[in-house]
$ cat coords-v5.txt   # compact mmCIF, C-alpha atoms
# COMPACT_ATOMS: atom_id res chain seq x y z
CA MET F 1 90.17 108.19 162.53
CA GLN F 2 88.01 110.90 163.98
CA ALA F 3 84.62 111.57 162.44
CA VAL F 4 83.86 115.05 161.17
CA GLU F 5 81.15 116.69 163.24
CA LYS F 6 78.35 118.35 161.34
CA VAL F 7 77.85 121.91 162.56
CA GLU F 8 74.25 123.03 162.59
CA THR F 9 73.89 126.36 160.82
CA LYS F 10 70.86 127.92 159.20
CA SER F 11 72.79 129.11 156.17
CA LEU F 12 76.41 129.72 155.42
CA PRO F 13 77.37 132.97 153.72
CA GLN F 14 78.68 132.87 150.18
CA GLN F 15 82.24 133.17 151.40
CA TRP F 16 85.20 130.83 151.48
CA CYS F 17 85.36 128.18 154.22
CA MET F 18 88.73 126.84 155.29
CA LEU F 19 89.07 123.07 155.63
CA LEU F 20 91.74 121.06 157.41
CA VAL F 21 92.96 118.36 155.05
CA ARG F 22 95.52 115.59 155.47
CA PRO F 23 98.81 116.83 154.00
CA GLY F 24 99.22 115.37 150.53
CA LYS F 25 95.45 114.86 150.08
CA GLU F 26 94.60 118.47 149.18
CA TRP F 27 94.44 117.68 145.44
CA ASP F 28 91.96 114.82 145.95
CA ALA F 29 89.78 116.85 148.31
CA ARG F 30 89.69 119.76 145.85
CA ASP F 31 88.62 117.43 143.04
CA ALA F 32 85.86 115.95 145.21
CA PHE F 33 84.28 119.39 145.58
CA ARG F 34 84.76 120.27 141.91
CA GLN F 35 82.86 117.13 140.91
CA TYR F 36 79.80 118.71 142.53
CA ARG F 37 80.49 122.04 140.79
CA MET F 38 81.58 123.81 143.96
CA ARG F 39 84.32 126.41 143.91
CA ALA F 40 87.35 124.87 145.60
CA TYR F 41 90.81 126.40 145.80
CA TRP F 42 94.09 124.74 146.77
CA PRO F 43 97.00 127.20 146.72
CA HIS F 44 99.99 125.35 145.28
CA TYR F 45 103.09 125.83 143.17
CA GLN F 46 105.21 123.67 140.91
CA SER F 47 108.55 122.57 142.34
CA PHE F 48 111.44 121.33 140.21
CA PHE F 49 114.01 118.92 141.59
CA ARG F 50 116.52 116.33 140.44
CA PRO F 51 115.98 112.89 141.94
CA ARG F 52 118.94 111.27 143.65
CA ASN F 53 120.84 108.70 141.58
CA ALA F 54 119.05 109.89 138.44
CA PRO F 55 120.99 110.05 135.17
CA LEU F 56 121.74 113.51 133.82
CA ARG F 57 119.12 113.28 131.09
CA GLN F 58 116.48 113.06 133.82
CA TRP F 59 117.71 116.34 135.16
CA ARG F 60 114.46 117.76 136.47
CA THR F 61 111.22 116.37 137.72
CA THR F 62 108.17 118.36 138.75
CA ASP F 63 106.11 118.11 141.89
CA LEU F 64 103.11 120.11 143.15
CA ARG F 65 103.62 121.58 146.63
CA ALA F 66 101.13 123.37 148.87
CA VAL F 67 101.64 127.02 149.75
CA ILE F 68 99.60 126.38 152.91
CA PRO F 69 100.10 122.68 153.73
CA GLY F 70 96.97 120.93 154.96
CA TYR F 71 94.41 123.60 154.02
CA LEU F 72 91.76 123.88 151.32
CA PHE F 73 89.29 126.73 150.62
CA VAL F 74 85.73 126.03 149.45
CA VAL F 75 82.59 128.07 148.77
CA PRO F 76 79.85 125.88 150.34
CA ASP F 77 77.05 125.99 147.79
CA PRO F 78 74.68 124.16 148.16
CA ILE F 79 75.14 123.56 151.88
CA LYS F 80 73.70 120.02 151.97
CA THR F 81 76.07 118.85 149.24
CA PHE F 82 78.98 120.59 150.99
CA TRP F 83 78.43 118.60 154.20
CA ASP F 84 77.97 115.37 152.22
CA VAL F 85 81.34 115.82 150.49
CA VAL F 86 83.03 116.68 153.81
CA GLN F 87 81.60 113.54 155.44
CA ARG F 88 82.51 111.20 152.56
CA ASN F 89 86.05 112.36 151.82
CA LYS F 90 88.58 110.60 154.07
CA GLY F 91 91.24 113.22 153.35
CA ILE F 92 89.25 116.03 154.99
CA LEU F 93 89.86 116.21 158.72
CA ASN F 94 87.47 119.02 159.70
CA VAL F 95 86.07 122.43 158.93
CA VAL F 96 87.81 125.36 160.64
CA LEU F 97 85.50 126.81 163.30
CA ARG F 98 85.50 129.99 165.36
CA PHE F 99 85.56 129.90 169.13
CA SER F 100 81.76 130.32 169.12
CA GLY F 101 81.36 127.12 167.08
CA GLU F 102 80.36 128.86 163.84
CA VAL F 103 82.05 128.03 160.56
CA ALA F 104 84.89 130.50 160.01
CA THR F 105 84.89 132.17 156.60
CA LEU F 106 87.27 134.25 154.49
CA LYS F 107 86.31 137.06 152.15
CA ASP F 108 87.27 137.23 148.48
CA ALA F 109 89.85 139.94 149.28
CA ASP F 110 91.69 137.49 151.58
CA ILE F 111 91.64 134.81 148.88
CA ASP F 112 93.05 137.40 146.45
CA VAL F 113 96.03 137.90 148.79
CA ILE F 114 96.60 134.13 148.89
CA ARG F 115 96.38 133.98 145.08
CA ALA F 116 98.99 136.77 144.79
CA ILE F 117 101.31 134.85 147.11
CA GLU F 118 100.76 131.73 144.99
CA ARG F 119 101.56 133.66 141.78
CA ARG F 120 104.86 134.82 143.26
CA MET F 121 105.73 131.22 144.13
CA GLN F 122 105.30 130.32 140.44
CA THR F 123 107.88 132.85 139.26
CA PRO F 124 111.35 131.36 138.87
CA VAL F 125 113.88 132.24 141.54
CA PRO F 126 117.50 132.52 140.37
CA GLY F 127 119.32 129.89 142.43
CA ARG F 128 119.29 129.91 146.19
CA ALA F 129 118.10 133.20 147.58
CA LEU F 130 120.33 134.69 150.23
CA HIS F 131 118.49 136.45 153.00
CA ASN F 132 119.10 137.74 156.49
CA PHE F 133 115.77 136.77 158.05
CA LYS F 134 115.94 135.02 161.42
CA THR F 135 113.47 132.88 163.30
CA GLY F 136 111.08 135.12 165.22
CA ASP F 137 111.40 138.16 162.92
CA LYS F 138 108.15 140.05 162.33
CA VAL F 139 107.35 140.25 158.60
CA ARG F 140 104.51 141.11 156.25
CA PHE F 141 103.68 139.88 152.75
CA VAL F 142 104.67 142.14 149.88
CA ASP F 143 101.54 141.01 148.00
CA ASP F 144 99.22 142.23 150.80
CA THR F 145 99.06 145.74 149.37
CA LEU F 146 95.92 146.66 151.32
CA GLY F 147 97.36 145.52 154.66
CA ARG F 148 94.43 143.18 155.39
CA TRP F 149 96.49 140.64 157.31
CA PRO F 150 98.41 141.14 160.54
CA PRO F 151 102.19 140.74 160.45
CA GLY F 152 103.49 137.20 160.73
CA ARG F 153 106.52 135.67 162.39
CA ILE F 154 109.21 133.60 160.73
CA ALA F 155 108.97 130.04 162.02
CA SER F 156 111.83 128.46 160.06
CA ALA F 157 114.07 128.80 157.03
CA ALA F 158 114.79 125.75 154.87
CA SER F 159 118.09 125.02 153.12
CA ASP F 160 116.45 125.38 149.69
CA GLY F 161 115.65 129.05 150.36
CA LYS F 162 112.00 128.72 151.39
CA ILE F 163 110.85 130.43 154.56
CA THR F 164 107.91 129.36 156.73
CA VAL F 165 105.91 132.34 158.01
CA ASP F 166 103.22 131.87 160.67
CA VAL F 167 100.29 134.28 160.19
CA GLU F 168 97.13 134.50 162.28
CA VAL F 169 94.21 134.04 159.90
CA MET F 170 90.69 133.21 161.11
CA ASN F 171 91.79 133.03 164.77
CA ARG F 172 94.44 130.39 164.12
CA VAL F 173 98.10 130.41 163.21
CA VAL F 174 98.54 129.25 159.61
CA PRO F 175 102.00 128.41 158.18
CA PHE F 176 102.80 129.85 154.74
CA GLN F 177 105.81 128.62 152.77
CA VAL F 178 107.28 131.52 150.77
CA PHE F 179 110.49 132.78 149.18
CA PRO F 180 112.48 135.67 150.71
CA HIS F 181 111.40 138.12 147.96
CA GLN F 182 107.76 137.70 149.00
CA ILE F 183 108.17 139.15 152.51
CA GLU F 184 109.57 142.26 154.14
CA ARG F 185 110.29 143.27 157.72
CA THR F 186 107.78 145.40 159.56
$ encode --input "coords-v5.txt" --output "structure tokens"
Amino acid sequence: MQAVEKVETKSLPQQWCMLLVRPGKEWDARDAFRQYRMRAYWPHYQSFFRPRNAPLRQWRTTDLRAVIPGYLFVVPDPIKTFWDVVQRNKGILNVVLRFSGEVATLKDADIDVIRAIERRMQTPVPGRALHNFKTGDKVRFVDDTLGRWPPGRIASAASDGKITVDVEVMNRVVPFQVFPHQIERT
């Protein structure tokens, strides 16, 4: 396991930092920050499925899935406590940095776009959604009404109707898992 390096900064702005987290450990990492009364946000949605070999009365089971697997957003306040939580939590891999070595931050408007995408994932989709998107197509999010984010590219389409869109956010390509009604061609 690689140790998380502590980046020396005088003060971090009151904006959202993006953390790399082990997939499946986002919930635990979010709770670790909330214990210290820090604002932490893990974009997720509730997925319904029927387990294999389950009797019909156990028709559906719920599971929480990440909209952006392996990422968590935190407002680092106070800074000393933020670095302590990052160091102690084994699920956190690292803090996303810019090329200059500074901590990369997101503004509230960007978090609002992610929240809108998350809200759309919560709405029920009638069956499997048919779509004609192909790998490599350039798309934008319907929920990004202000056009803050650059267009993304479709990375893959799953058999259950979800589409993975790669978008460049904070100088890195971040995969978003969305439904076809959440994106449109550019």
$ atom_distance --input "coords-v5.txt" --atom1 "atom CA of F:Ala155" --atom2 "atom CA of F:Asp108"
26.6 Å
$ closest_residue --input "coords-v5.txt" --among "F:Pro43, F:Gly70, F:Pro150, F:Pro23" --to "F:Val167" --atoms "all atoms listed in the file"
F:Pro150
$ residues_around --input "coords-v5.txt" --residues "F:Gly24" --least-positions-apart "6" --cutoff "12 Å" --atoms "only C-alpha atoms" --output "PyMOL selection string"
chain F and resi 30+42+44+63-72+91-92
$ closest_residue --input "coords-v5.txt" --among "F:Arg39, F:Asp166, F:Asn171, F:Arg119" --to "F:Ser100" --atoms "only C-alpha atoms"
F:Asn171
$ residues_around --input "coords-v5.txt" --residues "F:Lys138" --least-positions-apart "3" --cutoff "8 Å" --atoms "only C-alpha atoms" --output "PyMOL selection string"
chain F and resi 151-154+185-186
$ atom_distance --input "coords-v5.txt" --atom1 "atom CA of F:Phe179" --atom2 "atom CA of F:Thr145"
17.3 Å
